[in-house]
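Heads up, start-v6.cif below (mmCIF, C-alpha atoms):
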data_final
loop_
_atom_site.group_PDB
_atom_site.id
_atom_site.type_symbol
_atom_site.label_atom_id
_atom_site.label_comp_id
_atom_site.auth_asym_id
_atom_site.auth_seq_id
_atom_site.Cartn_x
_atom_site.Cartn_y
_atom_site.Cartn_z
ATOM 1 C CA VAL T 1 0.000 0.000 0.000
ATOM 2 C CA SER T 2 2.912 2.372 0.699
ATOM 3 C CA ILE T 3 4.270 1.767 -2.800
ATOM 4 C CA ALA T 4 0.820 2.310 -4.313
ATOM 5 C CA ASP T 5 0.585 5.526 -2.271
ATOM 6 C CA TYR T 6 3.764 6.644 -4.025
ATOM 7 C CA LEU T 7 2.701 5.534 -7.505
ATOM 8 C CA PHE T 8 -0.913 6.730 -7.557
ATOM 9 C CA LEU T 9 -1.613 9.169 -4.721
ATOM 10 C CA GLY T 10 1.402 11.469 -4.847
ATOM 11 C CA ARG T 11 3.047 10.540 -1.570
ATOM 12 C CA ARG T 12 6.714 9.999 -0.928
ATOM 13 C CA LEU T 13 8.018 6.576 -0.058
ATOM 14 C CA PRO T 14 8.165 5.842 3.679
ATOM 15 C CA SER T 15 11.231 6.859 5.624
ATOM 16 C CA PRO T 16 13.698 4.165 6.773
ATOM 17 C CA ARG T 17 12.089 4.362 10.205
ATOM 18 C CA SER T 18 8.632 3.710 8.741
ATOM 19 C CA TRP T 19 9.921 0.863 6.547
ATOM 20 C CA ALA T 20 11.395 -0.706 9.695
ATOM 21 C CA CYS T 21 8.052 -0.325 11.492
ATOM 22 C CA LEU T 22 6.184 -1.948 8.588
ATOM 23 C CA PHE T 23 8.636 -4.840 8.560
ATOM 24 C CA ALA T 24 8.253 -5.172 12.331
ATOM 25 C CA LEU T 25 4.461 -5.320 11.913
ATOM 26 C CA LEU T 26 4.886 -8.107 9.369
ATOM 27 C CA VAL T 27 7.217 -10.060 11.659
ATOM 28 C CA GLY T 28 4.937 -9.606 14.666
ATOM 29 C CA ALA T 29 1.832 -10.686 12.741
ATOM 30 C CA ALA T 30 3.635 -13.742 11.369
ATOM 31 C CA GLY T 31 4.894 -14.640 14.842
ATOM 32 C CA TYR T 32 1.380 -14.477 16.259
ATOM 33 C CA ALA T 33 -0.105 -16.514 13.400
ATOM 34 C CA MET T 34 2.426 -19.304 13.909
ATOM 35 C CA THR T 35 1.476 -19.629 17.585
ATOM 36 C CA ASP T 36 -2.308 -19.449 17.146
ATOM 37 C CA SER T 37 -3.735 -22.907 17.810
ATOM 38 C CA SER T 38 -6.528 -22.455 15.240
ATOM 39 C CA PHE T 39 -4.539 -20.866 12.417
ATOM 40 C CA HIS T 40 -4.194 -23.067 9.326
ATOM 41 C CA VAL T 41 -3.604 -21.751 5.810
ATOM 42 C CA ARG T 42 -4.886 -24.025 3.066
ATOM 43 C CA GLY T 43 -5.840 -21.607 0.286
ATOM 44 C CA TYR T 44 -2.736 -19.629 -0.691
ATOM 45 C CA THR T 45 -4.295 -18.582 -4.014
ATOM 46 C CA PHE T 46 -7.291 -17.129 -2.213
ATOM 47 C CA CYS T 47 -4.991 -15.245 0.189
ATOM 48 C CA ALA T 48 -3.049 -13.790 -2.742
ATOM 49 C CA ILE T 49 -6.245 -12.687 -4.516
ATOM 50 C CA TRP T 50 -7.575 -11.165 -1.291
ATOM 51 C CA TYR T 51 -4.314 -9.271 -0.757
ATOM 52 C CA VAL T 52 -4.430 -7.712 -4.234
ATOM 53 C CA ILE T 53 -8.085 -6.706 -3.832
ATOM 54 C CA PHE T 54 -7.367 -5.308 -0.373
ATOM 55 C CA CYS T 55 -4.554 -3.082 -1.654
ATOM 56 C CA MET T 56 -6.685 -1.848 -4.563
ATOM 57 C CA ASP T 57 -9.530 -1.128 -2.156
ATOM 58 C CA GLN T 58 -7.326 0.960 0.155
ATOM 59 C CA ILE T 59 -5.928 3.046 -2.705
ATOM 60 C CA TYR T 60 -9.218 3.539 -4.556
ATOM 61 C CA LEU T 61 -11.190 4.588 -1.476
ATOM 62 C CA LYS T 62 -8.467 7.066 -0.519
ATOM 63 C CA HIS T 63 -8.616 8.446 -4.068
ATOM 64 C CA ILE T 64 -12.386 8.842 -3.671
ATOM 65 C CA THR T 65 -12.004 10.820 -0.448
ATOM 66 C CA ASN T 66 -9.463 13.090 -2.175
ATOM 67 C CA THR T 67 -11.408 13.761 -5.363
ATOM 68 C CA VAL T 68 -15.118 13.418 -4.511
ATOM 69 C CA LYS T 69 -15.840 16.283 -2.151
ATOM 70 C CA MET T 70 -18.879 16.098 0.114
ATOM 71 C CA GLU T 71 -20.342 18.598 2.545
ATOM 72 C CA SER T 72 -20.350 16.048 5.341
ATOM 73 C CA ASN T 73 -18.635 12.787 6.167
ATOM 74 C CA TRP T 74 -22.115 11.303 6.610
ATOM 75 C CA GLY T 75 -22.516 11.410 2.827
ATOM 76 C CA ARG T 76 -19.757 8.841 2.374
ATOM 77 C CA VAL T 77 -21.261 6.724 5.145
ATOM 78 C CA PHE T 78 -24.693 6.806 3.515
ATOM 79 C CA TYR T 79 -23.572 5.976 -0.020
ATOM 80 C CA SER T 80 -21.175 3.190 0.976
ATOM 81 C CA ASN T 81 -23.734 1.449 3.195
ATOM 82 C CA PHE T 82 -26.635 2.060 0.812
ATOM 83 C CA LEU T 83 -24.804 0.546 -2.142
ATOM 84 C CA ALA T 84 -23.619 -2.399 -0.048
ATOM 85 C CA SER T 85 -27.152 -3.096 1.225
ATOM 86 C CA LEU T 86 -28.847 -3.229 -2.182
ATOM 87 C CA PRO T 87 -27.949 -6.898 -2.902
ATOM 88 C CA LEU T 88 -29.321 -7.869 0.515
ATOM 89 C CA VAL T 89 -32.805 -6.734 -0.520
ATOM 90 C CA PHE T 90 -32.952 -9.382 -3.247
ATOM 91 C CA THR T 91 -31.621 -12.141 -0.999
ATOM 92 C CA TYR T 92 -34.002 -11.176 1.807
ATOM 93 C CA ILE T 93 -37.257 -11.157 -0.189
ATOM 94 C CA ASN T 94 -36.559 -14.693 -1.433
ATOM 95 C CA ASP T 95 -35.666 -16.123 1.994
ATOM 96 C CA SER T 96 -38.806 -17.200 3.856
ATOM 97 C CA ASP T 97 -36.813 -18.100 6.978
ATOM 98 C CA GLU T 98 -35.431 -14.560 7.268
ATOM 99 C CA ILE T 99 -38.886 -13.043 6.783
ATOM 100 C CA GLU T 100 -40.354 -15.320 9.455
ATOM 101 C CA ALA T 101 -37.479 -14.542 11.848
ATOM 102 C CA LEU T 102 -38.088 -10.817 11.418
ATOM 103 C CA ARG T 103 -41.834 -11.242 11.942
ATOM 104 C CA THR T 104 -41.386 -13.160 15.202
ATOM 105 C CA ILE T 105 -38.332 -11.345 16.534
ATOM 106 C CA SER T 106 -38.287 -10.711 20.282
ATOM 107 C CA PHE T 107 -37.624 -7.335 21.886
ATOM 108 C CA SER T 108 -34.203 -8.352 23.201
ATOM 109 C CA ALA T 109 -33.165 -9.751 19.820
ATOM 110 C CA GLY T 110 -34.411 -6.593 18.105
ATOM 111 C CA MET T 111 -32.373 -4.430 20.492
ATOM 112 C CA ALA T 112 -29.296 -6.553 19.803
ATOM 113 C CA VAL T 113 -29.769 -6.065 16.056
ATOM 114 C CA PHE T 114 -30.308 -2.334 16.553
ATOM 115 C CA LEU T 115 -27.148 -2.079 18.666
ATOM 116 C CA SER T 116 -25.096 -3.916 16.045
ATOM 117 C CA VAL T 117 -26.440 -1.593 13.335
ATOM 118 C CA ALA T 118 -25.615 1.485 15.438
ATOM 119 C CA LEU T 119 -22.092 0.223 16.086
ATOM 120 C CA GLY T 120 -21.666 -0.536 12.388
ATOM 121 C CA VAL T 121 -22.716 2.985 11.438
ATOM 122 C CA GLY T 122 -20.288 4.400 13.990
ATOM 123 C CA MET T 123 -17.453 2.252 12.650
ATOM 124 C CA SER T 124 -18.266 3.344 9.108
ATOM 125 C CA TYR T 125 -18.306 7.024 10.092
ATOM 126 C CA PHE T 126 -14.965 6.955 11.865
ATOM 127 C CA ALA T 127 -13.406 4.782 9.143
ATOM 128 C CA TRP T 128 -14.294 7.340 6.460
ATOM 129 C CA LEU T 129 -13.167 10.172 8.728
ATOM 130 C CA ALA T 130 -9.821 8.452 9.275
ATOM 131 C CA ARG T 131 -9.444 7.893 5.522
ATOM 132 C CA SER T 132 -9.886 11.623 4.912
ATOM 133 C CA LEU T 133 -7.178 12.504 7.454
ATOM 134 C CA LEU T 134 -4.609 9.775 6.869
ATOM 135 C CA SER T 135 -2.747 8.364 3.910
ATOM 136 C CA ALA T 136 -3.836 4.988 2.564
ATOM 137 C CA ALA T 137 -0.804 3.312 4.160
ATOM 138 C CA SER T 138 -1.379 4.989 7.541
ATOM 139 C CA PHE T 139 -5.050 4.014 7.476
ATOM 140 C CA THR T 140 -4.023 0.426 6.730
ATOM 141 C CA VAL T 141 -1.674 0.451 9.738
ATOM 142 C CA VAL T 142 -4.417 1.864 11.992
ATOM 143 C CA GLY T 143 -6.944 -0.670 10.704
ATOM 144 C CA ASN T 144 -4.627 -3.605 11.312
ATOM 145 C CA VAL T 145 -3.711 -2.364 14.784
ATOM 146 C CA CYS T 146 -7.429 -2.233 15.618
ATOM 147 C CA LYS T 147 -7.598 -5.900 14.601
ATOM 148 C CA VAL T 148 -4.617 -6.594 16.855
ATOM 149 C CA LEU T 149 -6.500 -5.040 19.770
ATOM 150 C CA THR T 150 -9.513 -7.222 18.935
ATOM 151 C CA ILE T 151 -7.290 -10.300 18.982
ATOM 152 C CA ALA T 152 -5.847 -9.213 22.340
ATOM 153 C CA ILE T 153 -9.360 -9.001 23.816
ATOM 154 C CA ASN T 154 -10.144 -12.408 22.308
ATOM 155 C CA VAL T 155 -7.055 -13.895 23.947
ATOM 156 C CA MET T 156 -8.148 -12.567 27.350
ATOM 157 C CA LEU T 157 -11.607 -14.154 26.998
ATOM 158 C CA TRP T 158 -10.694 -17.561 25.552
ATOM 159 C CA ASP T 159 -7.711 -19.817 26.083
ATOM 160 C CA LYS T 160 -7.534 -21.711 22.776
ATOM 161 C CA HIS T 161 -5.419 -19.139 20.997
ATOM 162 C CA ALA T 162 -1.880 -17.774 21.147
ATOM 163 C CA SER T 163 0.737 -18.546 23.746
ATOM 164 C CA ALA T 164 2.654 -15.996 25.795
ATOM 165 C CA PHE T 165 4.992 -15.637 22.826
ATOM 166 C CA GLY T 166 2.011 -14.838 20.599
ATOM 167 C CA ILE T 167 0.786 -12.185 23.019
ATOM 168 C CA GLY T 168 4.292 -10.727 22.986
ATOM 169 C CA CYS T 169 4.063 -10.554 19.197
ATOM 170 C CA LEU T 170 0.829 -8.558 19.510
ATOM 171 C CA MET T 171 2.514 -6.069 21.841
ATOM 172 C CA PHE T 172 5.414 -5.886 19.379
ATOM 173 C CA CYS T 173 2.944 -4.965 16.613
ATOM 174 C CA LEU T 174 1.396 -2.220 18.730
ATOM 175 C CA THR T 175 4.837 -0.773 19.458
ATOM 176 C CA ALA T 176 5.801 -0.831 15.788
ATOM 177 C CA ALA T 177 2.565 0.897 14.808
ATOM 178 C CA TYR T 178 3.164 3.601 17.420
ATOM 179 C CA PHE T 179 6.515 4.549 15.870
ATOM 180 C CA TYR T 180 5.256 4.467 12.265
ATOM 181 C CA GLN T 181 5.340 7.890 10.547
ATOM 182 C CA GLN T 182 3.054 8.872 7.688
ATOM 183 C CA ALA T 183 4.849 9.664 4.429
ATOM 184 C CA PRO T 184 4.433 13.318 3.338
ATOM 185 C CA MET T 185 3.046 14.449 -0.006
ATOM 186 C CA ARG T 186 5.378 15.063 -2.948
ATOM 187 C CA SER T 187 5.570 18.590 -4.330
ATOM 188 C CA ASP T 188 4.303 17.415 -7.726
ATOM 189 C CA ALA T 189 1.284 15.568 -6.295
ATOM 190 C CA LYS T 190 -2.016 15.966 -8.146
ATOM 191 C CA ASP T 191 -4.111 13.661 -5.967
ATOM 192 C CA SER T 192 -3.730 15.512 -2.654
ATOM 193 C CA ASP T 193 -5.637 15.148 0.578
ATOM 194 C CA ASP T 194 -6.892 18.740 0.577
ATOM 195 C CA GLY T 195 -7.933 18.952 -3.063
ATOM 196 C CA GLY T 196 -5.520 21.809 -3.675
ATOM 197 C CA GLN T 197 -6.965 23.954 -0.902
ATOM 198 C CA SER T 198 -4.791 25.377 1.835
ATOM 199 C CA THR T 199 -7.008 24.169 4.661
ATOM 200 C CA LYS T 200 -5.544 23.251 7.999
ATOM 201 C CA SER T 201 -5.537 19.534 8.639
ATOM 202 C CA LEU T 202 -5.959 17.832 11.979
ATOM 203 C CA LEU T 203 -3.012 15.573 11.206
ATOM 204 C CA PRO T 204 0.236 16.316 9.337
ATOM 205 C CA LYS T 205 0.362 15.405 5.675
#

Would you mind writing the file's structure down as structure tokens?
Amino acid sequence: VSIADYLFLGRRLPSPRSWACLFALLVGAAGYAMTDSSFHVRGYTFCAIWYVIFCMDQIYLKHITNTVKMESNWGRVFYSNFLASLPLVFTYINDSDEIEALRTISFSAGMAVFLSVALGVGMSYFAWLARSLLSAASFTVVGNVCKVLTIAINVMLWDKHASAFGIGCLMFCLTAAYFYQQAPMRSDAKDSDDGGQSTKSLLPK
């Protein structure tokens, strides 16, 4: 993603310090995966395809935030969730079990669904806000660190996961992410975060 940032979004390549942090994140993630009792890779082709799509997704969505200006961040939240929900309409109307489950849903189950929807909207809002403030590579680092925190909580709740060494790898990832520095924009950049306007950003470019 850092290289794609340089090629397509007008950023400089990461500094040696940031390259070291990215490598440390890779080592820490690999160390955790090797100690996870339930981690087994069987579909390497699928992983490779997912990785390519993931990188394209990070770059394209950052390009959208740079070039498609909206009055509010809620606009991005609405359009992304609206477009993603359209296919669900067609699967729902043809699924009698889902219709029956919705018709007979209890109050507690309905509140649980409502809470999950509210949390999803909040995650979407802050994800788009972070995309507008960070580079694609920095957003990727933040997103992966959030997953590391989720894994850490999972480890505290259940015991069939990583060993003490694996937990140490998670802490190593968090430390590496803390010292990562966002690459600045190049002077010849056309796809900038501020759309050519000299507005003050909350975070350094």

Tell me, as a PyMOL selection string, which residues lie within 10 Å of Phe179 (chain T), counting only C-alpha atoms; anything in the same chain fewer than 6 positions away does not count. chain T and resi 17-18+20-22

Among the residues T:Thr45, T:Ser187, T:Ser116, T:Asn154, the one that comes closest to Leu9 (chain T) [using all atoms listed in the file]: T:Ser187

Record the distance separating CA of Phe54 (chain T) and CA of Pro16 (chain T), expressed in Å with one decimal.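 It comes out at 24.2 Å.
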
Residues at most 8 Å from Ser135 (chain T), counting all atoms listed in the file, excluding those fewer than 4 positions away in the same chain, as a PyMOL selection string? chain T and resi 5+62+131+139+182-183+205

If we count only C-alpha atoms and set the cut-off at 12 Å, which residues sit around Asn144 (chain T), ignoring sequence neighbours fewer than 5 positions away in its own chain? Please answer as a list in words. Leu22, Leu25, Leu26, Gly28, Ala29, Ala137, Ser138, Phe139, Leu149, Thr150, Ile151, Leu170, Cys173, Leu174, Ala176 and Ala177 of chain T

Just how far from CA of Phe8 (chain T) is CA of Lys69 (chain T), in Å to one decimal?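 Interatomic distance here is 18.5 Å.
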
For Tyr32 (chain T), which of T:Ser80, T:Thr140, T:Ser163, T:Thr65 is the closest residue, counting all atoms listed in the file?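 Answer, going by the shortest atom-to-atom distance: T:Ser163.
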
Any idea what the distance is between CA of Phe126 (chain T) and CA of Phe172 (chain T)?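 Going from CA of Phe126 (chain T) over to CA of Phe172 (chain T) covers 25.2 Å.
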
Taking the file above as input, evaluate the PyMOL selection byres ((chain T and resi 13) around 9) and report the hits as a PyMOL selection string. chain T and resi 2-3+5-6+11-12+14-15+19+183-184

Between T:Ile59, T:Leu119, T:Leu7, T:Cys146, which has the minimum distance to Met185 (chain T) (counting all atoms listed in the file)?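 The closest residue to Met185 (chain T) is T:Leu7.
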
Who sits within 8 Å of region 71-75 of chain T, all atoms listed in the file, same chain under 2 positions skipped, as a PyMOL selection string: chain T and resi 69+77-79+125+128-129

Skipping near chain neighbours, those fewer than 5 positions away, what residues fall within 10 Å of Val142 (chain T) using all atoms listed in the file, listed as a list in words?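 My list of contacting residues is Ala127, Ala130, Leu134, Ala136, Ala137, Lys147, Val148, Leu174, Ala177 and Tyr178 of chain T.
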
Using only the atoms of region 164-182 of chain T listed in the file, plus 4 Å on each side, state the axis-aligned box centre and edge lengths in Å rounded to one decimal, as lines of an AutoDock Vina configuration file.
center_x = 3.7
center_y = -3.6
center_z = 16.7
size_x = 13.7
size_y = 32.9
size_z = 26.1

Taking only C-alpha atoms into account, which of T:Ala4, T:Met56, T:Tyr92, T:Ala152 comes nearest Gly168 (chain T)?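 Smallest distance to Gly168 (chain T) is found for T:Ala152.
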